[in-house]
>>> print(open('protein11.cif').read())   # mmCIF, C-alpha atoms (C1' of nucleotides)
data_run
loop_
_atom_site.label_atom_id
_atom_site.label_comp_id
_atom_site.auth_asym_id
_atom_site.auth_seq_id
_atom_site.Cartn_x
_atom_site.Cartn_y
_atom_site.Cartn_z
CA MET A 7 -1.67 -15.86 26.75
CA LYS A 8 -2.77 -13.43 29.40
CA THR A 9 -6.27 -13.80 30.68
CA GLY A 10 -8.57 -11.37 32.40
CA ILE A 11 -10.25 -8.27 31.12
CA ARG A 12 -8.17 -5.88 29.12
CA TYR A 13 -8.93 -2.23 28.60
CA ILE A 14 -7.86 -0.91 25.24
CA LEU A 15 -8.67 2.64 24.25
CA HIS A 16 -8.65 3.71 20.63
CA VAL A 17 -8.29 7.46 20.15
CA ASP A 18 -9.12 9.17 16.89
CA ALA A 19 -9.06 12.92 16.31
CA ASP A 20 -12.22 14.26 14.66
CA ALA A 21 -11.80 15.75 11.17
CA PHE A 22 -8.16 16.09 12.13
CA PHE A 23 -6.70 18.38 9.45
CA ALA A 24 -9.74 20.65 9.50
CA SER A 25 -9.75 20.77 13.31
CA VAL A 26 -6.09 21.78 13.41
CA GLU A 27 -6.81 24.58 10.94
CA GLN A 28 -9.58 25.80 13.23
CA ALA A 29 -7.34 25.57 16.28
CA ILE A 30 -4.57 27.59 14.62
CA HIS A 31 -6.98 30.07 13.02
CA PRO A 32 -9.75 30.54 15.60
CA GLU A 33 -11.66 32.78 13.20
CA LEU A 34 -12.48 29.58 11.29
CA LYS A 35 -14.32 28.04 14.21
CA GLY A 36 -17.95 27.32 13.48
CA LEU A 37 -17.32 27.67 9.76
CA PRO A 38 -17.26 24.92 7.16
CA VAL A 39 -13.56 24.22 6.56
CA ILE A 40 -12.36 21.95 3.78
CA VAL A 41 -8.73 20.87 3.55
CA GLY A 42 -7.44 19.62 0.22
CA GLY A 43 -5.19 20.94 -2.47
CA GLY A 44 -5.54 21.73 -6.13
CA ASP A 45 -8.37 21.98 -8.64
CA ARG A 46 -8.05 18.33 -9.47
CA GLY A 47 -7.60 17.13 -5.91
CA VAL A 48 -9.92 15.56 -3.38
CA VAL A 49 -11.00 16.52 0.12
CA SER A 50 -8.48 15.44 2.75
CA ALA A 51 -10.64 16.53 5.66
CA ALA A 52 -13.93 18.37 6.10
CA SER A 53 -15.03 20.00 9.34
CA TYR A 54 -18.35 18.86 10.72
CA GLU A 55 -19.86 22.17 9.63
CA ALA A 56 -18.92 21.25 6.05
CA ARG A 57 -20.12 17.67 6.41
CA ARG A 58 -23.62 18.96 7.02
CA PHE A 59 -23.61 19.96 3.35
CA GLY A 60 -22.72 16.44 2.30
CA VAL A 61 -18.99 17.05 1.94
CA HIS A 62 -16.75 14.18 3.02
CA SER A 63 -13.16 13.14 2.63
CA ALA A 64 -12.03 11.64 -0.70
CA MET A 65 -14.68 13.68 -2.50
CA PRO A 66 -13.39 15.69 -5.49
CA ILE A 67 -12.75 19.33 -4.55
CA ALA A 68 -14.83 20.46 -7.50
CA GLN A 69 -17.82 18.62 -6.09
CA ALA A 70 -17.26 19.97 -2.61
CA GLN A 71 -17.23 23.48 -4.05
CA LYS A 72 -20.63 22.89 -5.58
CA LEU A 73 -22.11 21.44 -2.40
CA CYS A 74 -20.65 24.07 -0.12
CA PRO A 75 -19.50 27.12 -2.08
CA HIS A 76 -19.13 29.32 0.98
CA ALA A 77 -16.74 26.91 2.72
CA VAL A 78 -13.19 27.95 3.56
CA PHE A 79 -10.83 25.90 1.38
CA ARG A 80 -7.29 25.43 2.64
CA ASP A 81 -4.18 23.75 1.32
CA PRO A 82 -2.85 21.12 3.72
CA ASP A 83 -0.20 22.23 6.20
CA PHE A 84 1.52 18.97 7.08
CA HIS A 85 4.01 20.55 9.43
CA ALA A 86 1.21 21.75 11.65
CA TYR A 87 -0.59 18.40 11.53
CA THR A 88 2.57 16.53 12.46
CA ASP A 89 3.14 18.86 15.38
CA PHE A 90 -0.42 18.47 16.70
CA SER A 91 -0.16 14.71 16.22
CA ARG A 92 3.02 14.51 18.30
CA ARG A 93 1.40 16.53 21.07
CA MET A 94 -1.68 14.33 21.08
CA PHE A 95 0.38 11.17 21.53
CA ASP A 96 2.52 12.83 24.18
CA ILE A 97 -0.63 13.42 26.19
CA MET A 98 -1.60 9.77 25.83
CA ARG A 99 1.86 8.63 26.92
CA ASN A 100 1.42 10.54 30.16
CA PHE A 101 -1.16 7.91 31.09
CA SER A 102 0.67 4.80 29.94
CA PRO A 103 3.76 3.94 27.94
CA ALA A 104 1.71 1.36 26.05
CA VAL A 105 0.75 3.72 23.24
CA GLU A 106 0.72 2.57 19.65
CA VAL A 107 0.60 5.16 16.89
CA THR A 108 -1.27 3.80 13.87
CA SER A 109 -1.55 6.98 11.83
CA VAL A 110 -1.15 10.73 12.17
CA ASP A 111 -4.52 11.10 13.85
CA GLU A 112 -5.24 7.82 15.59
CA GLY A 113 -3.73 5.26 17.89
CA TYR A 114 -4.25 2.83 20.75
CA ILE A 115 -3.44 2.93 24.44
CA ASP A 116 -3.62 -0.09 26.71
CA LEU A 117 -4.96 1.06 30.04
CA THR A 118 -5.06 -2.37 31.69
CA GLY A 119 -1.84 -2.01 33.60
CA THR A 120 -2.30 1.57 34.71
CA LEU A 121 -5.63 1.39 36.47
CA LYS A 122 -4.07 0.98 39.89
CA LEU A 123 -1.60 3.76 39.28
CA HIS A 124 -4.33 6.26 38.43
CA LYS A 125 -6.75 4.95 41.07
CA ALA A 126 -9.65 5.24 38.67
CA PRO A 127 -11.68 3.03 36.36
CA ALA A 128 -10.60 2.79 32.74
CA TRP A 129 -13.63 4.67 31.60
CA GLU A 130 -12.66 7.67 33.69
CA ILE A 131 -9.06 7.64 32.50
CA ALA A 132 -10.28 7.51 28.93
CA HIS A 133 -12.38 10.55 29.67
CA ARG A 134 -9.41 12.37 31.12
CA ILE A 135 -7.26 11.64 28.08
CA LEU A 136 -9.85 13.04 25.69
CA SER A 137 -10.42 16.07 27.91
CA GLU A 138 -6.73 16.86 28.01
CA ILE A 139 -6.48 16.65 24.26
CA ARG A 140 -9.40 19.03 23.98
CA ALA A 141 -7.99 21.45 26.54
CA ASP A 142 -4.38 21.49 25.40
CA LEU A 143 -4.75 21.23 21.63
CA ASP A 144 -8.15 22.82 21.14
CA ILE A 145 -9.28 19.95 18.92
CA ASN A 146 -11.84 17.21 19.54
CA ALA A 147 -10.99 13.55 19.66
CA SER A 148 -13.25 10.55 20.05
CA GLY A 149 -12.53 7.32 21.85
CA GLY A 150 -13.61 3.72 21.95
CA LEU A 151 -12.91 1.57 24.97
CA ALA A 152 -13.13 -2.21 24.70
CA GLY A 153 -11.40 -5.46 25.52
CA THR A 154 -9.88 -5.79 22.06
CA ARG A 155 -8.28 -3.50 19.51
CA THR A 156 -10.92 -4.06 16.87
CA GLY A 157 -13.67 -3.61 19.42
CA ALA A 158 -12.11 -0.33 20.52
CA LYS A 159 -11.74 0.92 16.97
CA MET A 160 -15.29 0.08 16.07
CA ALA A 161 -16.52 1.70 19.24
CA THR A 162 -14.76 4.92 18.24
CA GLY A 163 -16.67 4.83 14.98
CA LEU A 164 -19.91 4.74 16.95
CA ALA A 165 -18.75 7.45 19.37
CA LYS A 166 -17.85 10.04 16.75
CA PRO A 167 -17.91 12.96 16.80
CA ASN A 168 -16.46 14.09 20.08
CA GLY A 169 -17.68 11.09 22.06
CA LEU A 170 -16.52 8.16 24.09
CA LEU A 171 -18.08 4.72 24.03
CA TYR A 172 -17.35 1.72 26.21
CA LEU A 173 -18.07 -1.58 24.57
CA GLU A 174 -18.67 -3.81 27.56
CA PRO A 175 -17.45 -7.33 26.78
CA ALA A 176 -20.79 -8.78 27.87
CA ARG A 177 -22.78 -6.64 25.47
CA SER A 178 -20.20 -6.20 22.78
CA SER A 179 -21.33 -8.87 20.33
CA GLN A 180 -24.92 -7.76 20.67
CA ILE A 181 -23.92 -4.27 19.53
CA LEU A 182 -21.42 -5.28 16.88
CA ASN A 183 -23.71 -7.83 15.22
CA GLY A 184 -26.05 -5.10 14.10
CA LEU A 185 -23.34 -3.07 12.37
CA PRO A 186 -22.77 -3.20 8.61
CA VAL A 187 -19.95 -5.50 7.48
CA GLY A 188 -18.21 -2.46 6.03
CA SER A 189 -17.48 -1.21 9.52
CA ILE A 190 -15.00 -4.05 10.03
CA PRO A 191 -11.49 -2.72 9.49
CA GLY A 192 -10.21 -4.41 6.34
CA ILE A 193 -13.62 -4.68 4.67
CA GLY A 194 -13.70 -1.97 2.05
CA LYS A 195 -16.09 -1.11 -0.76
CA LYS A 196 -15.19 -4.13 -2.89
CA SER A 197 -15.56 -6.74 -0.18
CA GLU A 198 -18.72 -5.11 1.08
CA GLY A 199 -20.15 -5.31 -2.42
CA ILE A 200 -19.28 -8.99 -2.70
CA LEU A 201 -20.90 -9.76 0.64
CA LYS A 202 -23.95 -7.74 -0.25
CA ARG A 203 -24.50 -9.93 -3.31
CA HIS A 204 -24.75 -12.85 -0.93
CA ARG A 205 -27.23 -10.98 1.24
CA ILE A 206 -24.62 -10.57 3.95
CA LEU A 207 -25.16 -7.06 5.19
CA THR A 208 -24.33 -7.04 8.88
CA ILE A 209 -21.68 -8.56 11.08
CA GLY A 210 -24.41 -10.82 12.44
CA ASP A 211 -25.15 -12.01 8.90
CA LEU A 212 -21.45 -12.67 8.38
CA LEU A 213 -21.19 -14.83 11.48
CA ALA A 214 -24.34 -16.74 10.55
CA ALA A 215 -23.23 -17.38 6.96
CA PRO A 216 -21.95 -20.83 5.96
CA LYS A 217 -18.23 -20.98 6.64
CA PRO A 218 -17.32 -22.60 3.30
CA LEU A 219 -18.92 -19.64 1.53
CA ILE A 220 -16.81 -17.13 3.43
CA LYS A 221 -13.77 -19.29 2.81
CA ARG A 222 -14.49 -19.26 -0.90
CA LEU A 223 -14.94 -15.50 -0.97
CA PHE A 224 -11.95 -14.49 1.14
CA GLY A 225 -9.54 -17.41 1.03
CA ARG A 226 -6.84 -17.33 3.61
CA TRP A 227 -8.19 -14.18 5.14
CA SER A 228 -11.55 -15.72 6.06
CA ASP A 229 -10.35 -17.15 9.39
CA ARG A 230 -9.00 -13.78 10.58
CA LEU A 231 -12.09 -12.06 9.31
CA LEU A 232 -14.46 -14.31 11.22
CA GLU A 233 -12.37 -13.97 14.33
CA ILE A 234 -12.47 -10.21 14.19
CA ALA A 235 -16.19 -10.26 13.45
CA SER A 236 -16.86 -12.42 16.48
CA GLY A 237 -14.88 -10.09 18.70
CA ASN A 238 -11.85 -12.34 19.13
CA ASP A 239 -8.77 -10.27 18.59
CA SER A 240 -5.74 -11.14 20.61
CA ARG A 241 -3.40 -8.54 19.07
CA VAL A 242 -1.86 -6.45 21.80
CA VAL A 243 -0.99 -2.77 21.83
CA THR A 244 2.68 -2.47 20.92
CA PRO A 245 4.52 0.81 21.26
CA ASP A 246 6.60 1.74 18.23
CA SER A 247 5.23 -1.26 16.43
CA ARG A 248 5.42 0.57 13.17
CA GLY A 249 8.18 -1.45 11.61
CA GLU A 250 10.85 -0.35 9.22
CA ARG A 251 9.61 1.56 6.25
CA LYS A 252 9.32 -0.60 3.13
CA SER A 253 9.18 1.97 0.38
CA TYR A 254 9.28 5.61 -0.64
CA SER A 255 6.84 6.81 -3.24
CA LYS A 256 5.58 9.98 -4.85
CA ASP A 257 2.74 10.59 -7.25
CA ARG A 258 1.82 13.74 -9.06
CA THR A 259 -1.40 14.57 -10.84
CA LEU A 260 -0.62 17.00 -13.65
CA GLU A 261 -2.51 20.26 -13.88
CA GLN A 262 -3.83 19.14 -17.23
CA ASP A 263 -3.86 15.87 -19.11
CA THR A 264 -1.11 16.02 -21.66
CA GLY A 265 0.76 14.06 -24.29
CA ASP A 266 3.90 16.17 -23.98
CA LEU A 267 6.42 13.48 -23.10
CA ALA A 268 9.31 15.82 -22.40
CA TYR A 269 7.22 17.68 -19.86
CA VAL A 270 5.85 14.53 -18.24
CA TRP A 271 9.34 13.11 -17.99
CA SER A 272 10.64 16.26 -16.30
CA VAL A 273 7.89 15.94 -13.69
CA THR A 274 8.69 12.24 -13.23
CA ALA A 275 12.41 12.92 -12.89
CA GLY A 276 11.67 15.63 -10.32
CA LEU A 277 9.71 13.14 -8.21
CA ALA A 278 12.56 10.66 -8.43
CA GLU A 279 15.15 13.24 -7.36
CA LYS A 280 13.09 14.13 -4.32
CA LEU A 281 12.71 10.47 -3.36
CA ALA A 282 16.42 9.82 -3.88
CA ALA A 283 17.22 12.78 -1.64
CA ARG A 284 15.04 11.28 1.10
CA LEU A 285 16.81 7.98 0.61
CA ARG A 286 20.22 9.61 1.11
CA ARG A 287 18.97 11.67 4.03
CA ASP A 288 17.82 8.49 5.76
CA GLY A 289 21.03 6.65 4.93
CA LYS A 290 19.29 4.07 2.80
CA SER A 291 19.44 2.59 -0.64
CA ALA A 292 16.90 0.95 -2.93
CA ARG A 293 17.01 -2.01 -5.27
CA THR A 294 13.63 -1.81 -6.94
CA ILE A 295 12.40 1.12 -8.99
CA THR A 296 8.80 1.43 -10.12
CA PHE A 297 7.25 3.80 -12.60
CA LYS A 298 3.50 4.24 -12.79
CA VAL A 299 1.33 6.14 -15.23
CA ARG A 300 -2.35 6.93 -15.08
CA TYR A 301 -3.97 8.05 -18.31
CA ALA A 302 -6.78 10.53 -18.77
CA ASP A 303 -9.22 7.62 -18.98
CA PHE A 304 -8.01 6.50 -15.53
CA THR A 305 -6.46 3.27 -16.70
CA GLU A 306 -3.14 2.59 -15.02
CA LYS A 307 0.06 0.86 -15.93
CA GLY A 308 2.98 0.18 -13.64
CA ARG A 309 6.35 -1.27 -14.40
CA SER A 310 9.22 -2.06 -12.09
CA VAL A 311 12.69 -3.45 -12.18
CA SER A 312 15.07 -4.75 -9.54
CA LEU A 313 18.77 -3.94 -9.79
CA LYS A 314 21.52 -6.38 -8.95
CA THR A 315 22.82 -4.00 -6.29
CA SER A 316 21.16 -1.20 -4.37
CA THR A 317 21.67 2.42 -5.28
CA ASP A 318 21.08 5.88 -3.91
CA THR A 319 22.33 8.10 -6.70
CA ASN A 320 20.17 10.26 -8.94
CA ARG A 321 22.14 9.15 -11.95
CA GLU A 322 21.43 5.45 -11.60
CA ILE A 323 17.84 5.90 -10.52
CA LEU A 324 17.03 8.29 -13.34
CA ALA A 325 18.67 6.06 -15.95
CA VAL A 326 16.57 3.06 -14.93
CA LEU A 327 13.46 5.15 -14.53
CA PHE A 328 13.83 6.61 -17.99
CA LYS A 329 13.97 3.16 -19.49
CA LEU A 330 10.78 2.18 -17.68
CA PHE A 331 9.13 5.44 -18.68
CA ASN A 332 10.09 5.09 -22.33
CA GLU A 333 8.88 1.49 -22.46
CA THR A 334 5.65 2.00 -20.57
CA VAL A 335 4.06 5.22 -21.72
CA LEU A 336 1.67 4.87 -24.62
CA ARG A 337 2.24 7.61 -27.15
CA ARG A 338 -1.35 8.13 -28.23
CA LYS A 339 -2.91 8.54 -24.82
CA LYS A 340 -3.04 11.65 -22.68
CA ILE A 341 -1.44 11.35 -19.29
CA ARG A 342 -3.09 12.40 -16.08
CA GLN A 343 -0.73 11.24 -13.34
CA VAL A 344 2.73 9.79 -12.92
CA GLY A 345 4.30 8.07 -9.94
CA VAL A 346 7.66 6.76 -8.81
CA LYS A 347 8.38 4.23 -6.09
CA LEU A 348 11.65 3.09 -4.56
CA SER A 349 11.49 -0.19 -2.66
CA GLY A 350 13.62 -3.14 -1.72
CA LEU A 351 15.28 -0.84 0.79
CA GLY A 352 18.61 -1.50 2.41
CA GLY A 353 21.33 0.31 4.26
CA PRO A 354 23.91 2.66 2.80
CA VAL A 355 25.82 1.40 -0.22
CA PHE A 356 29.47 1.96 0.79
CA GLN A 357 30.47 -1.65 0.32
CA THR A 358 29.45 -1.85 -3.29
CA ASP A 359 31.23 1.43 -3.97
CA LEU A 360 34.44 -0.57 -3.82
CA PHE A 361 33.54 -2.02 -7.17
CA ASP A 362 32.28 1.18 -8.68
CA PRO A 363 34.73 4.01 -8.17
CA VAL A 364 32.59 6.60 -9.98
CA ARG A 365 29.55 6.21 -7.79
CA PRO A 366 30.92 8.16 -4.81
CA ILE A 367 31.58 11.08 -7.13
CA TYR A 368 27.96 11.16 -8.23
CA ARG A 369 26.76 10.77 -4.70
CA ASP A 370 28.86 13.71 -3.58
CA ARG A 371 27.34 15.77 -6.32
CA ASP A 372 23.85 14.62 -5.25
CA ARG A 373 24.53 15.55 -1.65
CA THR A 374 25.68 19.02 -2.63
CA VAL A 375 22.51 19.50 -4.61
CA ASP A 376 20.47 18.15 -1.68
CA LYS A 377 22.00 20.75 0.63
CA ILE A 378 21.39 23.67 -1.68
CA ARG A 379 17.83 22.55 -2.30
CA LYS A 380 17.23 22.19 1.41
CA ARG A 381 18.23 25.81 1.94
CA PHE A 382 16.90 27.49 -1.15
CA GLY A 383 14.15 25.19 -2.38
CA PHE A 384 13.93 22.43 -4.93
CA GLN A 385 13.83 24.79 -7.90
CA ALA A 386 17.12 26.42 -6.86
CA VAL A 387 19.09 23.78 -8.72
CA ARG A 388 18.25 22.42 -12.10
CA VAL A 389 20.04 19.10 -12.50
CA SER A 390 20.93 18.66 -16.14
CA SER A 391 19.92 15.02 -16.08
CA SER A 392 16.31 15.87 -15.38
CA ALA A 393 16.12 18.57 -18.03
CA PRO A 394 14.16 17.69 -21.12
CA GLY A 395 16.33 17.39 -24.20
CA ASN A 396 18.84 15.09 -22.60
CA TRP A 397 16.63 12.11 -23.08
CA ARG A 398 15.44 10.54 -26.28
CA PHE A 399 11.98 9.08 -26.41
CA ASP A 400 11.57 6.23 -28.87
CA GLU A 401 9.03 6.51 -31.59
CA ARG A 402 7.07 3.44 -30.84
CA ASP A 403 3.85 1.78 -31.74
CA ASP A 404 1.42 1.64 -28.82
CA GLU A 405 0.26 -1.86 -29.70
CA ALA A 406 3.84 -3.09 -29.56
CA THR A 407 4.36 -1.36 -26.22
CA LYS A 408 1.34 -3.12 -24.79
CA ARG A 409 2.62 -6.49 -25.95
CA ARG A 410 6.21 -5.96 -24.88
CA PRO A 411 7.24 -8.65 -22.43
CA THR A 412 8.69 -7.72 -19.10
CA PRO A 413 12.41 -7.03 -19.39
CA LYS A 414 14.43 -9.66 -17.59
CA HIS A 415 17.40 -7.65 -16.61
CA CYS A 416 18.24 -4.07 -16.42
"C1'" DT B 16 -19.42 14.89 -9.40
"C1'" DC B 17 -15.06 13.44 -11.89
"C1'" DT B 18 -12.05 11.17 -9.13
"C1'" DG B 19 -4.95 12.94 -4.18
"C1'" DG B 20 -0.97 11.21 -2.02
"C1'" DG B 21 1.40 8.34 1.12
"C1'" DG B 22 1.73 3.92 2.54
"C1'" DT B 23 0.99 -1.62 3.59
"C1'" DC B 24 -0.26 -6.21 2.50
"C1'" DC B 25 -1.87 -9.97 -0.49
"C1'" DT B 26 -2.16 -12.91 -4.62
"C1'" DA B 27 -0.75 -15.19 -8.70
"C1'" DG B 28 2.18 -16.90 -12.23
"C1'" DG B 29 6.74 -17.75 -14.03
"C1'" DA B 30 11.71 -18.42 -13.31
"C1'" DC B 31 15.05 -20.77 -11.06
"C1'" DC B 32 17.19 -23.81 -7.65
"C1'" DC B 33 17.48 -27.94 -4.90
"C1'" DT C 30 10.16 -41.40 -21.01
"C1'" DC C 31 7.51 -39.19 -17.69
"C1'" DT C 32 7.02 -36.85 -13.60
"C1'" DG C 33 7.69 -34.57 -8.54
"C1'" DG C 34 7.36 -30.71 -4.97
"C1'" DG C 35 9.04 -26.91 -2.06
"C1'" DG C 36 11.13 -22.47 -1.50
"C1'" DT C 37 12.27 -18.01 -3.01
"C1'" DC C 38 12.61 -14.18 -6.02
"C1'" DC C 39 10.54 -11.22 -9.43
"C1'" DT C 40 6.78 -8.50 -11.66
"C1'" DA C 41 1.98 -6.88 -12.05
"C1'" DG C 42 -2.04 -5.61 -10.15
"C1'" DG C 43 -5.53 -4.90 -6.63
"C1'" DA C 44 -7.68 -3.94 -2.04
"C1'" DC C 45 -7.40 -1.30 1.75
"C1'" DC C 46 -6.27 2.46 5.22
"C1'" DC C 47 -5.82 7.38 6.65
#
>>> encode(input="protein11.cif", output="structure tokens")
Amino acid sequence: MKTGIRYILHVDADAFFASVEQAIHPELKGLPVIVGGGDRGVVSAASYEARRFGVHSAMPIAQAQKLCPHAVFRDPDFHAYTDFSRRMFDIMRNFSPAVEVTSVDEGYIDLTGTLKLHKAPAWEIAHRILSEIRADLDINASGGLAGTRTGAKMATGLAKPNGLLYLEPARSSQILNGLPVGSIPGIGKKSEGILKRHRILTIGDLLAAPKPLIKRLFGRWSDRLLEIASGNDSRVVTPDSRGERKSYSKDRTLEQDTGDLAYVWSVTAGLAEKLAARLRRDGKSARTITFKVRYADFTEKGRSVSLKTSTDTNREILAVLFKLFNETVLRRKKIRQVGVKLSGLGGPVFQTDLFDPVRPIYRDRDRTVDKIRKRFGFQAVRVSSSAPGNWRFDERDDEATKRRPTPKHC
DNA sequence: TCTGGGGTCCTAGGACCC
DNA sequence: TCTGGGGTCCTAGGACCC
């Protein structure tokens, strides 16, 4: 283990999606901008002008409209956000190769090794990084500088918006102990609620609480949690540490709650075809297929099945998915949202094709469709297998569906 | 007020194998 | 007749993050 003071900077763009919209469309500067799609959607990002009206991310769009009717509402433009994100991290990499991207709008940079090179204290380099982001991208970013990753991240939270805070190791615990437990990364609403019931409100309270209690509440995680809370975090900044992807998923909230199974299935099949196309594009295959439904009353049911061998063809995926769909969906409830997930990922499936001579034929057909759709849009090709009418939904009793045991094999 | 979409990780019980 | 324990895979569901 390396000793000595480390300097880790956490960088987080402010109201990222909204800021990018304002950078691309300067006429939006100074105005409340709210990014988020659809009548039934939620706010993905709200500019600080909009936040003054109480709007915040994850809030239903309908509510945001009431709070701030004069705001500019925009659909998300992910291409633009990805581009700005790449440019932000490129700027950071000019200062050190030790840059770890943790999401589209935030990441870490370890400045410990580059202090000599830049002939300046870490604090000043941090300043320079944020200034360059501001100057080149025309968006604001905030930063937290500390000796640990968690310290840096929490410092950013205190620095926002458009600020930089250095959490000096000597004073760090003094500052952190006063913060609410919910500001610890990994403590969400649920855990915060649980702690609150035990009168544990701040990080200081958490550290002072009897250890067995914390152990009882959080099990295995309690050790990590207490370590983080006390400012001990030995995780280093690792470039490209984002490992292999584990799954592909897509969810769609319908425009209206409905009991029209044929329609809901066509939406579900469309999601699956898009996921399968991504799978083929990335040269991967999946073994586990999951279907998920959310009803109008917000209850959810998921069901998944693992195949004996991986697949990447629409035909196989849709066949399995239909089974799950047919067995899961209650007939008397209105449906709000459906989702599909492909997991248990592996490489391409050539080997197993040896035993299944038809599969390559279907895959060729899929690839042709993928190409046409890439050029002319998803709607350009209607694959007969996803059309309603080709699938038969059982008449089934909802009570029986609820009781149905998990199918062993598929 | 009426609740998105894309992910990751964890837990827990049962099956199955050694 | 009664009684093991560990490891791994599978499914379901939940918490959390941005």
>>> residues_around(input="protein11.cif", residues="stretch 320-325 of chain A", least_positions_apart="3", cutoff="12 Å", atoms="only C-alpha atoms (C1' of nucleotides)", output="MDAnalysis selection string")
chainID A and resid 271:286 291:297 310:313 315:317 328:332 346:349 364:373 375:376 389:393 396:398 416
>>> resolve_selection(input="protein11.cif", expression="the PyMOL selection byres ((chain C) within 12 of (chain A))", output="JSON, numbers by chain")
{"C": [38, 39, 40, 41, 42, 43, 44, 45, 46, 47]}
>>> atom_distance(input="protein11.cif", atom1="atom CA of A:Ala128", atom2="atom CA of A:Leu182")
20.8 Å
>>> atom_distance(input="protein11.cif", atom1="atom CA of A:Val17", atom2="atom CA of A:Asp81")
25.2 Å
>>> atom_distance(input="protein11.cif", atom1="atom CA of A:Gly289", atom2="atom C1' of B:DG21")
20.1 Å
>>> resolve_selection(input="protein11.cif", expression="the PyMOL selection byres ((chain A and resi 141-155) around 8)", output="PyMOL selection string")
chain A and resi 11-20+22+25-26+29+90+93-94+114+129+132+136-140+156-163+165-175+237-243
>>> resolve_selection(input="protein11.cif", expression="the PyMOL selection byres ((chain B and resi 19) around 12)", output="list of chain:residue names")
A:Val41, A:Gly42, A:Gly43, A:Gly44, A:Asp45, A:Arg46, A:Gly47, A:Val48, A:Val49, A:Ser50, A:Ala51, A:Ser63, A:Ala64, A:Met65, A:Pro66, A:Ile67, A:Pro82, A:Lys256, A:Asp257, A:Arg258, A:Thr259, A:Leu260, A:Gln343, A:Gly345, B:DT18, B:DG20, B:DG21
>>> axis_aligned_box(input="protein11.cif", around="stretch 367-378 of chain A", padding_each_side="3 Å", output="JSON")
{"center_x": 26.0, "center_y": 17.2, "center_z": -3.8, "size_x": 17.1, "size_y": 18.9, "size_z": 14.9}
